[in-house]
Amino acid sequence: MNLFTARLTGKMLSAEQFEKNIHDMQERVKRWRAIEKSPELAEYKELKAIIEQSNFQEKMSEMKNRKYSDTDEGRKMKTLDRLSSTLRMKGYKYALENETFQAFLKSQENGVLQNREDNSISASERRMFNMIYRSAFYKNYQKVANSPELKHLMELEKETSTEDFQKRNAFWADAKRWEHSEEYKTYNRYQELANSEDIKFYFESREEKIDWAELFRPSFEDDMSSSKNWKPGYGYANPAMKDGHSRTSELQAYNGGKNTFFAEGRMDLETREESKKAVAWDEKKGFVEHVFNYTSDVMNTKEVFMQESGMFMAKVRSQGIGHHFFGLTTGKQGKPMVALYHFNGNVHQLGLVDGAHTKMVDLTGMLRSLYHVYTFRWTKTELIWYVNNMEVLRMPNTLPKEPMFFLAQSWLPGNEAGGTGKLKTQWLRVFKSVD
């Protein structure tokens, strides 16, 4: 695959931009998870359930839109005001409050006015009471006193004077009744939470399609600041195997970790020109002692890290002469090896080395002087490789169900010219599969 055009047009991001995107995404995920467990989100969901209920919606609509005149309280207060404000009713109430008229009523009740011989009232009072008796004022009083209107008015006055009615009436008469209600407090708090940056972020992010789903479950990382995670050798599963051996068909001896350096935030495997006698594998003779003109290293993480499936990422580059490999292995002979990064002395490659299932893809158009982030995704059904953000290889999953560990090595094939070189690894990250 030629990545020149993708790199030139910006379709393939730089390693630095890709790293930033991954970091930003991880921070988003951390924030999302924190909000997911927050009391604010729990409160929001609880309030949302209340507010979405039909009875709450109906009550809210009624409080916001219903006119006071359309309420039972409003109608009764209007009727009370109408009945109380008529001239007849005003005259009647005035009569009830007038002392002279009340004395007149008492004289009527006692029959004094009809009995001219009764001296309990003075002559002037009798004249006054007779005038009242013949007045329209008294006729109005009599008419109202026995009217259904007065009965209705008295019933209304009794009902509207109760504490319960007055509370209800005050509520419906309030033009800002919605803002003063408990339901408004509930709704306002819900809106406050719904418009908060965290809650909006939570639901907006929830809708996103995140391709790098395994980022949600970080499981291992190494910033290459020390050798704590790396040991020399292939990490063979068989203890009888001579770990860390070279082949007589190669030009280098592996140097037991002495050619591996951890400095400036990276791990360098260095191929040097120097003579070394070491045990090597000969196709015809088996293990023999052999003198090599170069030294290099092979390193693994078997003692501290192994994982089956997930996402494996490493920021790698190489320089100089030789072959350089960074990938995954089971440590078992004849078992597959996953190449996250391989420079074959001429071109970058990645893919799977696994007998009949072997599939390697050449990566052209890349600048060898630049670091790239190489990613391998291992799902139940597929194996996928990326360079920075670019997918470069996808194939069905043929890997066995067993964990693999990281392997880094540099070597010089005997059929090629020797020389010095370095495999440089800046960091690696591993994520568990979400499923």
# chains A, B, ... in the order shown; residues from 1 in each chain; ligands from 1
call {"tool": "residues_around", "arguments": {"residues": "stretch 386-389 of chain A", "least_positions_apart": "6", "cutoff": "12 Å", "atoms": "only C-alpha atoms", "output": "count of residues only"}}
result
48
call {"tool": "closest_residue", "arguments": {"among": "A:Lys335, A:Lys64, A:Lys242, A:Lys139", "to": "A:Ala356", "atoms": "only C-alpha atoms"}}
result
A:Lys335
call {"tool": "closest_residue", "arguments": {"among": "A:Pro148, A:Phe104, A:Asp222, A:Lys231", "to": "A:Arg127", "atoms": "only C-alpha atoms"}}
result
A:Phe104
call {"tool": "residues_around", "arguments": {"residues": "stretch 268-272 of chain A", "least_positions_apart": "4", "cutoff": "12 Å", "atoms": "only C-alpha atoms", "output": "PyMOL selection string"}}
result
chain A and resi 224-227+230+232+251-264+276+292-300+316-326+407-412+418-427
call {"tool": "closest_residue", "arguments": {"among": "A:Thr9, A:Asn115, A:Asn65, A:Asn110", "to": "A:Trp172", "atoms": "only C-alpha atoms"}}
result
A:Asn65
call {"tool": "select_by_dssp", "arguments": {"residues": "stretch 133-327 of chain A", "states": "strand (DSSP E or B)", "output": "ChimeraX atom specification"}}
result
/A:218-222,231-232,246-247,250,252-254,260-263,266-282,286-296,298-300,307,310-320,323-327
call {"tool": "atom_distance", "arguments": {"atom1": "atom CA of A:Ala145", "atom2": "atom CA of A:Met128"}}
result
21.5 Å
call {"tool": "residues_around", "arguments": {"residues": "A:Thr381", "least_positions_apart": "5", "cutoff": "12 Å", "atoms": "only C-alpha atoms", "output": "list in words"}}
result
Ser309, Gly310, Arg394, Met395, Pro396, Asn397, Thr398, Leu399, Pro400 and Lys401 of chain A
call {"tool": "write_last_selection", "arguments": {"atoms": "C-alpha atoms", "output": "CSV table (one decimal), in the first residue's frame"}}
result
chain,number,residue,atom,x,y,z
A,309,SER,CA,-7.4,-9.9,21.9
A,310,GLY,CA,-7.8,-6.2,22.2
A,394,ARG,CA,-7.9,-6.4,7.4
A,395,MET,CA,-8.2,-10.1,7.4
A,396,PRO,CA,-10.3,-12.8,9.2
A,397,ASN,CA,-9.1,-13.8,12.7
A,398,THR,CA,-7.0,-17.0,12.4
A,399,LEU,CA,-5.1,-16.5,15.7
A,400,PRO,CA,-5.3,-19.2,18.4
A,401,LYS,CA,-7.2,-18.4,21.6
call {"tool": "closest_residue", "arguments": {"among": "A:Asp243, A:Lys228, A:Tyr184, A:Arg134", "to": "A:Glu303", "atoms": "only C-alpha atoms"}}
result
A:Lys228
call {"tool": "select_by_dssp", "arguments": {"residues": "stretch 174-319 of chain A", "states": "helix (DSSP H, G or I)", "output": "PDB file with C-alpha atoms, in the first residue's frame"}}
result
ATOM      1  CA  GLU A 182     -43.079  23.235  43.261  1.00  0.00           C
ATOM      2  CA  GLU A 183     -43.380  21.792  39.772  1.00  0.00           C
ATOM      3  CA  TYR A 184     -41.502  24.812  38.423  1.00  0.00           C
ATOM      4  CA  LYS A 185     -38.662  24.143  40.859  1.00  0.00           C
ATOM      5  CA  THR A 186     -38.520  20.569  39.616  1.00  0.00           C
ATOM      6  CA  TYR A 187     -38.645  21.631  35.967  1.00  0.00           C
ATOM      7  CA  ASN A 188     -36.146  24.443  36.467  1.00  0.00           C
ATOM      8  CA  ARG A 189     -33.664  22.102  38.128  1.00  0.00           C
ATOM      9  CA  TYR A 190     -34.127  19.637  35.283  1.00  0.00           C
ATOM     10  CA  GLN A 191     -33.430  22.369  32.727  1.00  0.00           C
ATOM     11  CA  GLU A 192     -30.414  23.531  34.709  1.00  0.00           C
ATOM     12  CA  LEU A 193     -28.967  20.020  34.624  1.00  0.00           C
ATOM     13  CA  ALA A 194     -29.952  19.431  30.981  1.00  0.00           C
ATOM     14  CA  GLU A 197     -21.846  21.277  30.002  1.00  0.00           C
ATOM     15  CA  ASP A 198     -21.318  17.843  31.521  1.00  0.00           C
ATOM     16  CA  ILE A 199     -24.816  16.501  30.820  1.00  0.00           C
ATOM     17  CA  LYS A 200     -24.798  17.863  27.259  1.00  0.00           C
ATOM     18  CA  PHE A 201     -21.336  16.381  26.725  1.00  0.00           C
ATOM     19  CA  TYR A 202     -22.500  13.022  28.087  1.00  0.00           C
ATOM     20  CA  PHE A 203     -25.440  12.642  25.705  1.00  0.00           C
ATOM     21  CA  GLU A 204     -23.688  14.165  22.678  1.00  0.00           C
ATOM     22  CA  SER A 205     -20.728  11.808  23.139  1.00  0.00           C
ATOM     23  CA  ARG A 206     -23.061   8.897  23.682  1.00  0.00           C
ATOM     24  CA  ALA A 213     -13.744   1.378  21.104  1.00  0.00           C
ATOM     25  CA  GLU A 214     -11.047  -0.500  23.001  1.00  0.00           C
ATOM     26  CA  LEU A 215      -9.705   2.810  24.249  1.00  0.00           C
ATOM     27  CA  PHE A 216     -12.345   2.523  26.920  1.00  0.00           C
TER      28      PHE A 216
END
call {"tool": "residues_around", "arguments": {"residues": "A:Lys284", "least_positions_apart": "4", "cutoff": "12 Å", "atoms": "only C-alpha atoms", "output": "ChimeraX atom specification"}}
result
/A:247-249,280,288
call {"tool": "write_last_selection", "arguments": {"atoms": "N, CA and C atoms", "output": "mmCIF file, in the first residue's frame"}}
result
data_model
loop_
_atom_site.group_PDB
_atom_site.id
_atom_site.type_symbol
_atom_site.label_atom_id
_atom_site.label_comp_id
_atom_site.auth_asym_id
_atom_site.auth_seq_id
_atom_site.Cartn_x
_atom_site.Cartn_y
_atom_site.Cartn_z
ATOM 1 N N ARG A 247 21.047 -17.261 14.442
ATOM 2 C CA ARG A 247 21.247 -18.336 13.482
ATOM 3 C C ARG A 247 22.608 -18.139 12.805
ATOM 4 N N THR A 248 23.200 -19.222 12.439
ATOM 5 C CA THR A 248 24.505 -19.117 11.752
ATOM 6 C C THR A 248 24.350 -18.457 10.392
ATOM 7 N N SER A 249 23.109 -18.448 9.877
ATOM 8 C CA SER A 249 22.864 -17.807 8.581
ATOM 9 C C SER A 249 22.729 -16.298 8.714
ATOM 10 N N ALA A 280 24.667 -20.465 18.410
ATOM 11 C CA ALA A 280 23.768 -20.165 17.298
ATOM 12 C C ALA A 280 23.168 -21.450 16.760
ATOM 13 N N VAL A 288 25.460 -24.578 17.806
ATOM 14 C CA VAL A 288 26.924 -24.594 17.736
ATOM 15 C C VAL A 288 27.435 -23.232 18.200
#
